[in-house]
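Participant: Once you've had a glance at the structure underneath, I'll fire off some questions.
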Amino acid sequence: MIRKLLRKVFTRRAAKISPLGEPARIPVAQHGIRREQVSPAAVRVCATLQEHGYQACIVGGAIRDLLIGRPPKDHDIATSATPEEVRALFRRSRIIGRRFRIVHVMAGAETLEVSTFRASASAETDRHGRVLADNVYGTQAEDAIRRDFTINALYYDPATETIIDYHHGVADLRQKTLRMIGEPRTRYREDPVRMLRAVRLAAKLGLIIDPAARAPIRDMAVLLENVPTARLFDEMLKLLLSGSAVRCVGQLREEGLHHGLLPLLDVILDQPVGERFIWLALENTDARVRADKPVSSGFLFAALLWPEVIRVWRERQAAGVAPYPALFEAMDKILDTQATQLAITRRIAGDIKDLWALQPRFEKRTGKTPHRLIEHPRFRAGWDFLCLRAAAGGIAQEIPDWWDRFAHAGHDEREALLRAAPAGDAPARRKRRRRKARTADGAPDGAPSDDAPNR
Ligand code: ATP
Ligand code: MG
């Protein structure tokens, strides 16, 4: 009952918003964001546009993030100049996109996204209401209304240090509320990716999704099927590399959004061992992002999909396929299944396969193999992956520890390590071990060889 009432109030409030309404102009004394806090390149681009008679402001994530005391990830600029007019003003710039034409302006190491004010009413849609092209230009007020959430429709004018706020975004941010501009169902129909953005922004910024925007998500999740896979992949990457992947995936699951998105994620999250591995991989990624260390998307996807690879690898071996071919069949199958939903780029798929294919090689610590393996260009990434498997209890911690010592040792110490390596890596002992137990992540626990038993 109360929920219904709340929804009514919120919907009415959202519906009342008019594109012609006067925005609040919030001076720096109230919001506190000084020009020096935003990227100097963004300030320069806005100044150039303004000098040529156009309106130009910094909009979107940068202002939102600064308001809650986080360093902005990147800077988006909104202007009254058309893409061609912007392009003409900046030598190092190019127009990109078709569905949504914007200009990338390169300034030093930074790339600024400059988009022209758009009017949403005239957008071209498909039969589900999804917006296909959105290149009809409009005023700043019209531009504000077609943005997704109130906290993302804040325009900061570096010249005056004023925030122009059409939809009470500053107040919503203070109240830690993620509120949709307009009627949420319509907005999700126009662009189902907004559901993923809601989850990502709420998880990353510690906001509550307003009930009116949260309620329809479960029902409408199916609309994500109509979204081009490349776009889904981009959005998933943003989500997983947000530094709050653990919270984001937890919330995706809560909202029923993980089904069919990462088709394997639902399966994985139902398996205790797989689940532990996935959460560890996500925690590991979050820690790296927060420490400003590089994160490879190949590594991340390799980890997310690994429990499934293991499962299919075992199945193929049980069907009589030798371990190495079985592993390659499993890798292809998992990547193919994934491709129907998420367009993992070919380069990333290559990285993923490299990481997977290296894993069994770590379990062969005899002869020349270890010397060759430490020279492999992906050794370090493969070893990191191995550590993750050990941390999840999939393999003995002794294995990554051994490789770490081996990689850093001199000649004599290496020979000693090879002699001391558990003879389980040699054929005779391997058989005994195989009989003993399946490892926790289920991977064959010796280097796969032609006589490896089926499990
Ligand atoms: P971040 O860059 O931190 O991920 P962001 O909100 O800046 O977050 P961008 O993808 O850079 O996200 O988009 C810039 C702005 O464009 C957003 O703040 C929002 O105003 C608008 N926007 C982006 N995607 C959508 C969308 N799907 N529907 C409506 N507006 C959008
Ligand atoms: Mg942004």
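Residues are referred to by chain and number: the chain letter is A, B, ... according to the order shown in the structure tokens, the number counts from 1 in that chain, and ligands are numbered separately from 1 in the order shown.
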What residues have any atom no more than 7 Å from ligand 2 when counting only C-alpha atoms and all ligand atoms, and can you list them as an mmCIF file with C-alpha atoms, in the first residue's frame?
Facilitator:
data_model
loop_
_atom_site.group_PDB
_atom_site.id
_atom_site.type_symbol
_atom_site.label_atom_id
_atom_site.label_comp_id
_atom_site.auth_asym_id
_atom_site.auth_seq_id
_atom_site.Cartn_x
_atom_site.Cartn_y
_atom_site.Cartn_z
ATOM 1 C CA GLY A 60 27.361 13.624 -16.637
ATOM 2 C CA GLY A 61 29.563 11.420 -14.531
ATOM 3 C CA ALA A 62 32.349 13.923 -13.847
ATOM 4 C CA LYS A 73 36.805 8.979 -14.484
ATOM 5 C CA ASP A 74 36.397 11.002 -17.654
ATOM 6 C CA HIS A 75 34.786 14.224 -18.825
ATOM 7 C CA ASP A 76 31.771 14.511 -21.098
#
Participant: May I have the residues within 12 Å of Val222 in chain A as a list in words, using only C-alpha atoms and disregarding those fewer than 6 positions away in the same chain?
Facilitator: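 Surrounding residues, per the criterion: His128, Tyr188, Arg189, Pro192, Val193, Met195, Pro216, Gly256, Leu257, His258, His259, Gly260 and Leu261 of chain A.
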Participant: Keeping only C-alpha atoms, write the selected residues as a PDB file, in the first residue's frame.
Facilitator:
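As written to disk, part.pdb reads:
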ATOM      1  CA  HIS A 128       9.848  -2.513 -28.791  1.00  0.00           C
ATOM      2  CA  TYR A 188      13.872   1.307 -20.130  1.00  0.00           C
ATOM      3  CA  ARG A 189      11.947   0.478 -23.295  1.00  0.00           C
ATOM      4  CA  PRO A 192      17.178  -1.374 -21.870  1.00  0.00           C
ATOM      5  CA  VAL A 193      20.856  -0.784 -21.043  1.00  0.00           C
ATOM      6  CA  MET A 195      18.698  -1.051 -16.286  1.00  0.00           C
ATOM      7  CA  PRO A 216       9.975  -2.534 -13.331  1.00  0.00           C
ATOM      8  CA  GLY A 256      17.208 -10.700 -11.736  1.00  0.00           C
ATOM      9  CA  LEU A 257      19.416  -9.117 -14.373  1.00  0.00           C
ATOM     10  CA  HIS A 258      22.182 -11.679 -14.519  1.00  0.00           C
ATOM     11  CA  HIS A 259      20.078 -14.208 -16.403  1.00  0.00           C
ATOM     12  CA  GLY A 260      21.042 -14.468 -19.991  1.00  0.00           C
ATOM     13  CA  LEU A 261      23.483 -11.605 -19.687  1.00  0.00           C
TER      14      LEU A 261
END
Participant: Show me which residues line ligand 1, defined as having an atom within 9 Å of a ligand atom where only C-alpha atoms and all ligand atoms count, and present them as a PyMOL selection string.
Facilitator: chain A and resi 59-65+72-77+113+115+143-154+187-188+190-195+197+200-201+235+238-239+242
Participant: Deliver the residues from the most recent selection as a file, using N, CA and C atoms, as a short mmCIF file (atom, residue, chain, number, x, y, z; two decimals), in the first residue's frame.
Facilitator:
data_model
loop_
_atom_site.label_atom_id
_atom_site.label_comp_id
_atom_site.auth_asym_id
_atom_site.auth_seq_id
_atom_site.Cartn_x
_atom_site.Cartn_y
_atom_site.Cartn_z
N VAL A 59 29.15 17.76 -18.38
CA VAL A 59 27.90 17.13 -17.96
C VAL A 59 28.20 15.68 -17.57
N GLY A 60 27.26 15.07 -16.85
CA GLY A 60 27.36 13.62 -16.64
C GLY A 60 28.22 13.23 -15.47
N GLY A 61 28.86 12.08 -15.64
CA GLY A 61 29.56 11.42 -14.53
C GLY A 61 30.57 12.29 -13.79
N ALA A 62 31.28 13.16 -14.50
CA ALA A 62 32.35 13.92 -13.85
C ALA A 62 31.79 14.82 -12.73
N ILE A 63 30.70 15.51 -13.04
CA ILE A 63 30.13 16.45 -12.06
C ILE A 63 29.51 15.68 -10.90
N ARG A 64 28.79 14.62 -11.27
CA ARG A 64 28.18 13.75 -10.25
C ARG A 64 29.26 13.23 -9.30
N ASP A 65 30.35 12.72 -9.87
CA ASP A 65 31.39 12.12 -9.03
C ASP A 65 32.06 13.17 -8.14
N PRO A 72 36.80 12.28 -10.93
CA PRO A 72 36.05 11.87 -12.13
C PRO A 72 36.86 10.90 -12.99
N LYS A 73 36.15 9.98 -13.64
CA LYS A 73 36.80 8.98 -14.48
C LYS A 73 37.13 9.58 -15.84
N ASP A 74 36.17 10.32 -16.37
CA ASP A 74 36.40 11.00 -17.65
C ASP A 74 35.46 12.20 -17.71
N HIS A 75 35.61 13.01 -18.75
CA HIS A 75 34.79 14.22 -18.82
C HIS A 75 33.96 14.23 -20.10
N ASP A 76 32.67 14.40 -19.94
CA ASP A 76 31.77 14.51 -21.10
C ASP A 76 31.35 15.96 -21.20
N ILE A 77 31.27 16.43 -22.46
CA ILE A 77 30.89 17.84 -22.67
C ILE A 77 29.63 17.87 -23.52
N GLU A 113 34.58 13.44 -24.67
CA GLU A 113 33.42 13.14 -25.52
C GLU A 113 32.55 14.38 -25.58
N SER A 115 29.17 15.96 -27.00
CA SER A 115 27.91 15.62 -27.68
C SER A 115 27.04 16.86 -27.79
N ASP A 143 17.91 18.48 -23.92
CA ASP A 143 19.01 17.54 -23.73
C ASP A 143 18.95 16.94 -22.33
N ALA A 144 18.60 17.78 -21.35
CA ALA A 144 18.56 17.31 -19.97
C ALA A 144 17.49 16.24 -19.80
N ILE A 145 16.38 16.41 -20.50
CA ILE A 145 15.25 15.50 -20.28
C ILE A 145 15.50 14.13 -20.90
N ARG A 146 16.38 14.05 -21.85
CA ARG A 146 16.60 12.73 -22.45
C ARG A 146 17.77 11.99 -21.78
N ARG A 147 18.39 12.60 -20.81
CA ARG A 147 19.42 11.89 -20.04
C ARG A 147 18.75 10.90 -19.10
N ASP A 148 19.51 9.94 -18.60
CA ASP A 148 18.85 8.85 -17.89
C ASP A 148 18.42 9.19 -16.45
N PHE A 149 19.37 9.58 -15.61
CA PHE A 149 19.04 9.79 -14.20
C PHE A 149 19.24 11.26 -13.83
N THR A 150 18.52 11.70 -12.83
CA THR A 150 18.59 13.12 -12.46
C THR A 150 20.02 13.54 -12.12
N ILE A 151 20.76 12.64 -11.46
CA ILE A 151 22.12 12.98 -11.05
C ILE A 151 23.09 13.05 -12.23
N ASN A 152 22.63 12.57 -13.40
CA ASN A 152 23.47 12.62 -14.59
C ASN A 152 23.12 13.80 -15.49
N ALA A 153 22.14 14.59 -15.07
CA ALA A 153 21.71 15.71 -15.91
C ALA A 153 22.14 17.03 -15.28
N LEU A 154 23.34 17.04 -14.75
CA LEU A 154 23.87 18.27 -14.13
C LEU A 154 24.89 18.87 -15.08
N ARG A 187 11.44 4.74 -20.30
CA ARG A 187 12.88 4.98 -20.46
C ARG A 187 13.64 3.67 -20.64
N TYR A 188 13.21 2.61 -19.95
CA TYR A 188 13.87 1.31 -20.13
C TYR A 188 13.55 0.73 -21.51
N GLU A 190 12.98 2.48 -24.20
CA GLU A 190 13.81 3.22 -25.16
C GLU A 190 15.23 2.67 -25.21
N ASP A 191 15.73 2.31 -24.03
CA ASP A 191 17.10 1.81 -23.96
C ASP A 191 17.26 0.89 -22.74
N PRO A 192 17.13 -0.42 -22.99
CA PRO A 192 17.18 -1.37 -21.87
C PRO A 192 18.50 -1.34 -21.10
N VAL A 193 19.56 -0.85 -21.73
CA VAL A 193 20.86 -0.78 -21.04
C VAL A 193 20.77 0.11 -19.81
N ARG A 194 19.77 0.99 -19.78
CA ARG A 194 19.61 1.85 -18.60
C ARG A 194 19.40 1.03 -17.33
N MET A 195 18.87 -0.19 -17.48
CA MET A 195 18.70 -1.05 -16.29
C MET A 195 20.07 -1.43 -15.73
N ARG A 197 22.81 0.27 -16.24
CA ARG A 197 23.43 1.50 -15.74
C ARG A 197 22.92 1.81 -14.32
N ARG A 200 24.73 -0.45 -11.95
CA ARG A 200 26.15 -0.09 -11.83
C ARG A 200 26.33 1.19 -11.01
N LEU A 201 25.56 2.23 -11.37
CA LEU A 201 25.73 3.50 -10.68
C LEU A 201 25.35 3.39 -9.21
N GLU A 235 29.03 -2.46 -21.76
CA GLU A 235 28.42 -2.11 -20.48
C GLU A 235 28.86 -3.08 -19.39
N LYS A 238 32.26 -2.09 -18.26
CA LYS A 238 32.21 -0.93 -17.36
C LYS A 238 31.83 -1.38 -15.95
N LEU A 239 30.84 -2.28 -15.93
CA LEU A 239 30.34 -2.74 -14.64
C LEU A 239 31.41 -3.54 -13.89
N SER A 242 34.35 -1.37 -12.63
CA SER A 242 33.96 -0.14 -11.94
C SER A 242 34.67 0.00 -10.59
#
Participant: My list of candidates is A:Arg185, A:Arg405, A:Lys333, A:Arg288. Which is closest to Val309 in chain A when distances are computed with only C-alpha atoms?
Facilitator: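 The shortest atom-to-atom distance to Val309 in chain A comes from A:Lys333.
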Participant: Nearest to Pro307 in chain A: which of A:Glu36, A:Glu413, A:Arg276, A:Tyr324 is it, counting only C-alpha atoms?
Facilitator: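 Closest residue, counting only C-alpha atoms: A:Arg276.
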Participant: Show me, as number ranges by chain, the residues that have an atom within 7 Å of Ala421 in chain A when counting only C-alpha atoms, minus same-chain residues fewer than 3 positions from it.
Facilitator: A: 365, 417-418
Participant: Find the residues near Ile163 in chain A: any atom within 6 Å, counting only C-alpha atoms, skip ones fewer than 4 places away on the same chain, and give them as a VMD selection string.
Facilitator: chain A and resid 25 to 26 155 to 156
Participant: Would you mind writing down, as a PyMOL selection string, each residue of range 214-244 of chain A that DSSP on the backbone assigns to helix (DSSP H, G or I)?
Facilitator: chain A and resi 214+217-226+229-240
Participant: From the list A:Arg130, A:Val289, A:Ile33, A:Phe299, which residue is nearest Leu224 in chain A when using only C-alpha atoms?
Facilitator: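 Ranked by minimum distance to Leu224 in chain A, first place goes to A:Arg130.
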Participant: Please give the complete set of residues from range 74-174 of chain A that DSSP, run on the backbone, assigns to strand (DSSP E), formatted as a VMD selection string.
Facilitator: chain A and resid 76 to 79 93 to 96 102 to 107 110 to 116 124 to 125 131 to 133 154 to 157 162 to 165
Participant: Grab the residues selected above and save them as a CSV table (one decimal), in the first residue's frame with N, CA and C atoms.
Facilitator:
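Now in out_3.csv:
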chain,number,residue,atom,x,y,z
A,76,ASP,N,32.7,14.4,-19.9
A,76,ASP,CA,31.8,14.5,-21.1
A,76,ASP,C,31.3,16.0,-21.2
A,77,ILE,N,31.3,16.4,-22.5
A,77,ILE,CA,30.9,17.8,-22.7
A,77,ILE,C,29.6,17.9,-23.5
A,78,ALA,N,28.7,18.7,-23.2
A,78,ALA,CA,27.5,18.9,-23.9
A,78,ALA,C,27.5,20.3,-24.5
A,79,THR,N,27.1,20.4,-25.8
A,79,THR,CA,27.2,21.8,-26.4
A,79,THR,C,26.1,22.0,-27.4
A,93,SER,N,40.4,15.9,-33.5
A,93,SER,CA,39.1,15.4,-33.2
A,93,SER,C,38.5,14.6,-34.3
A,94,ARG,N,37.6,13.7,-34.0
A,94,ARG,CA,36.9,13.0,-35.0
A,94,ARG,C,35.5,12.7,-34.6
A,95,ILE,N,34.6,12.6,-35.6
A,95,ILE,CA,33.2,12.3,-35.3
A,95,ILE,C,33.1,10.8,-35.3
A,96,ILE,N,32.4,10.3,-34.2
A,96,ILE,CA,32.2,8.8,-34.2
A,96,ILE,C,30.7,8.5,-33.9
A,102,ILE,N,28.8,11.6,-31.9
A,102,ILE,CA,29.5,12.5,-31.0
A,102,ILE,C,30.9,12.8,-31.6
A,103,VAL,N,31.5,13.7,-30.9
A,103,VAL,CA,32.9,14.0,-31.4
A,103,VAL,C,33.9,13.7,-30.2
A,104,HIS,N,34.9,13.0,-30.6
A,104,HIS,CA,36.0,12.7,-29.7
A,104,HIS,C,37.0,13.8,-29.9
A,105,VAL,N,37.3,14.6,-28.8
A,105,VAL,CA,38.3,15.6,-28.9
A,105,VAL,C,39.5,15.1,-28.1
A,106,MET,N,40.7,15.0,-28.8
A,106,MET,CA,41.9,14.5,-28.1
A,106,MET,C,42.6,15.7,-27.5
A,107,ALA,N,43.0,15.7,-26.2
A,107,ALA,CA,43.7,16.8,-25.6
A,107,ALA,C,44.8,16.1,-24.8
A,110,GLU,N,44.2,12.8,-22.9
A,110,GLU,CA,42.8,12.7,-22.6
A,110,GLU,C,41.9,12.6,-23.9
A,111,THR,N,40.8,11.9,-23.8
A,111,THR,CA,39.9,12.0,-24.9
A,111,THR,C,38.6,12.5,-24.3
A,112,LEU,N,38.1,13.6,-24.8
A,112,LEU,CA,36.8,14.2,-24.3
A,112,LEU,C,35.7,13.8,-25.2
A,113,GLU,N,34.6,13.4,-24.7
A,113,GLU,CA,33.4,13.1,-25.5
A,113,GLU,C,32.5,14.4,-25.6
A,114,VAL,N,32.4,14.9,-26.8
A,114,VAL,CA,31.6,16.1,-26.9
A,114,VAL,C,30.3,15.8,-27.7
A,115,SER,N,29.2,16.0,-27.0
A,115,SER,CA,27.9,15.6,-27.7
A,115,SER,C,27.0,16.9,-27.8
A,116,THR,N,26.3,16.9,-28.9
A,116,THR,CA,25.4,18.0,-29.2
A,116,THR,C,24.1,17.8,-28.4
A,124,GLU,N,14.1,7.9,-33.5
A,124,GLU,CA,13.6,6.8,-34.2
A,124,GLU,C,13.7,5.5,-33.4
A,125,THR,N,12.6,4.7,-33.3
A,125,THR,CA,12.6,3.6,-32.4
A,125,THR,C,12.3,2.3,-33.2
A,131,VAL,N,15.3,3.0,-28.9
A,131,VAL,CA,15.7,4.1,-29.7
A,131,VAL,C,16.9,3.6,-30.6
A,132,LEU,N,16.7,3.8,-31.9
A,132,LEU,CA,17.7,3.4,-32.9
A,132,LEU,C,18.6,4.5,-33.3
A,133,ALA,N,18.1,5.7,-33.4
A,133,ALA,CA,19.0,6.8,-33.8
A,133,ALA,C,18.5,8.0,-33.0
A,154,LEU,N,23.3,17.0,-14.7
A,154,LEU,CA,23.9,18.3,-14.1
A,154,LEU,C,24.9,18.9,-15.1
A,155,TYR,N,24.7,20.1,-15.4
A,155,TYR,CA,25.6,20.8,-16.4
A,155,TYR,C,26.4,21.8,-15.6
A,156,TYR,N,27.7,21.7,-15.8
A,156,TYR,CA,28.6,22.6,-15.0
A,156,TYR,C,29.3,23.5,-16.0
A,157,ASP,N,29.1,24.8,-15.8
A,157,ASP,CA,29.7,25.8,-16.7
A,157,ASP,C,31.0,26.2,-16.1
A,162,THR,N,29.1,27.5,-12.3
A,162,THR,CA,27.7,27.3,-11.9
A,162,THR,C,27.2,25.9,-12.3
A,163,ILE,N,26.4,25.2,-11.5
A,163,ILE,CA,25.7,24.0,-11.9
A,163,ILE,C,24.3,24.3,-12.3
A,164,ILE,N,24.0,23.8,-13.5
A,164,ILE,CA,22.6,24.0,-14.0
A,164,ILE,C,21.9,22.7,-13.8
A,165,ASP,N,20.8,22.7,-13.0
A,165,ASP,CA,20.2,21.5,-12.6
A,165,ASP,C,18.7,21.5,-12.9
Participant: Can you work out the spacing between CA of Phe362 in chain A and CA of Ile310 in chain A in Å, to one decimal?
Facilitator: 15.6 Å
Participant: Rounded to one decimal in Å, what is the spacing between CA of Leu280 in chain A and CA of Leu237 in chain A?
Facilitator: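 Result for CA of Leu280 in chain A versus CA of Leu237 in chain A: 17.2 Å, one decimal.
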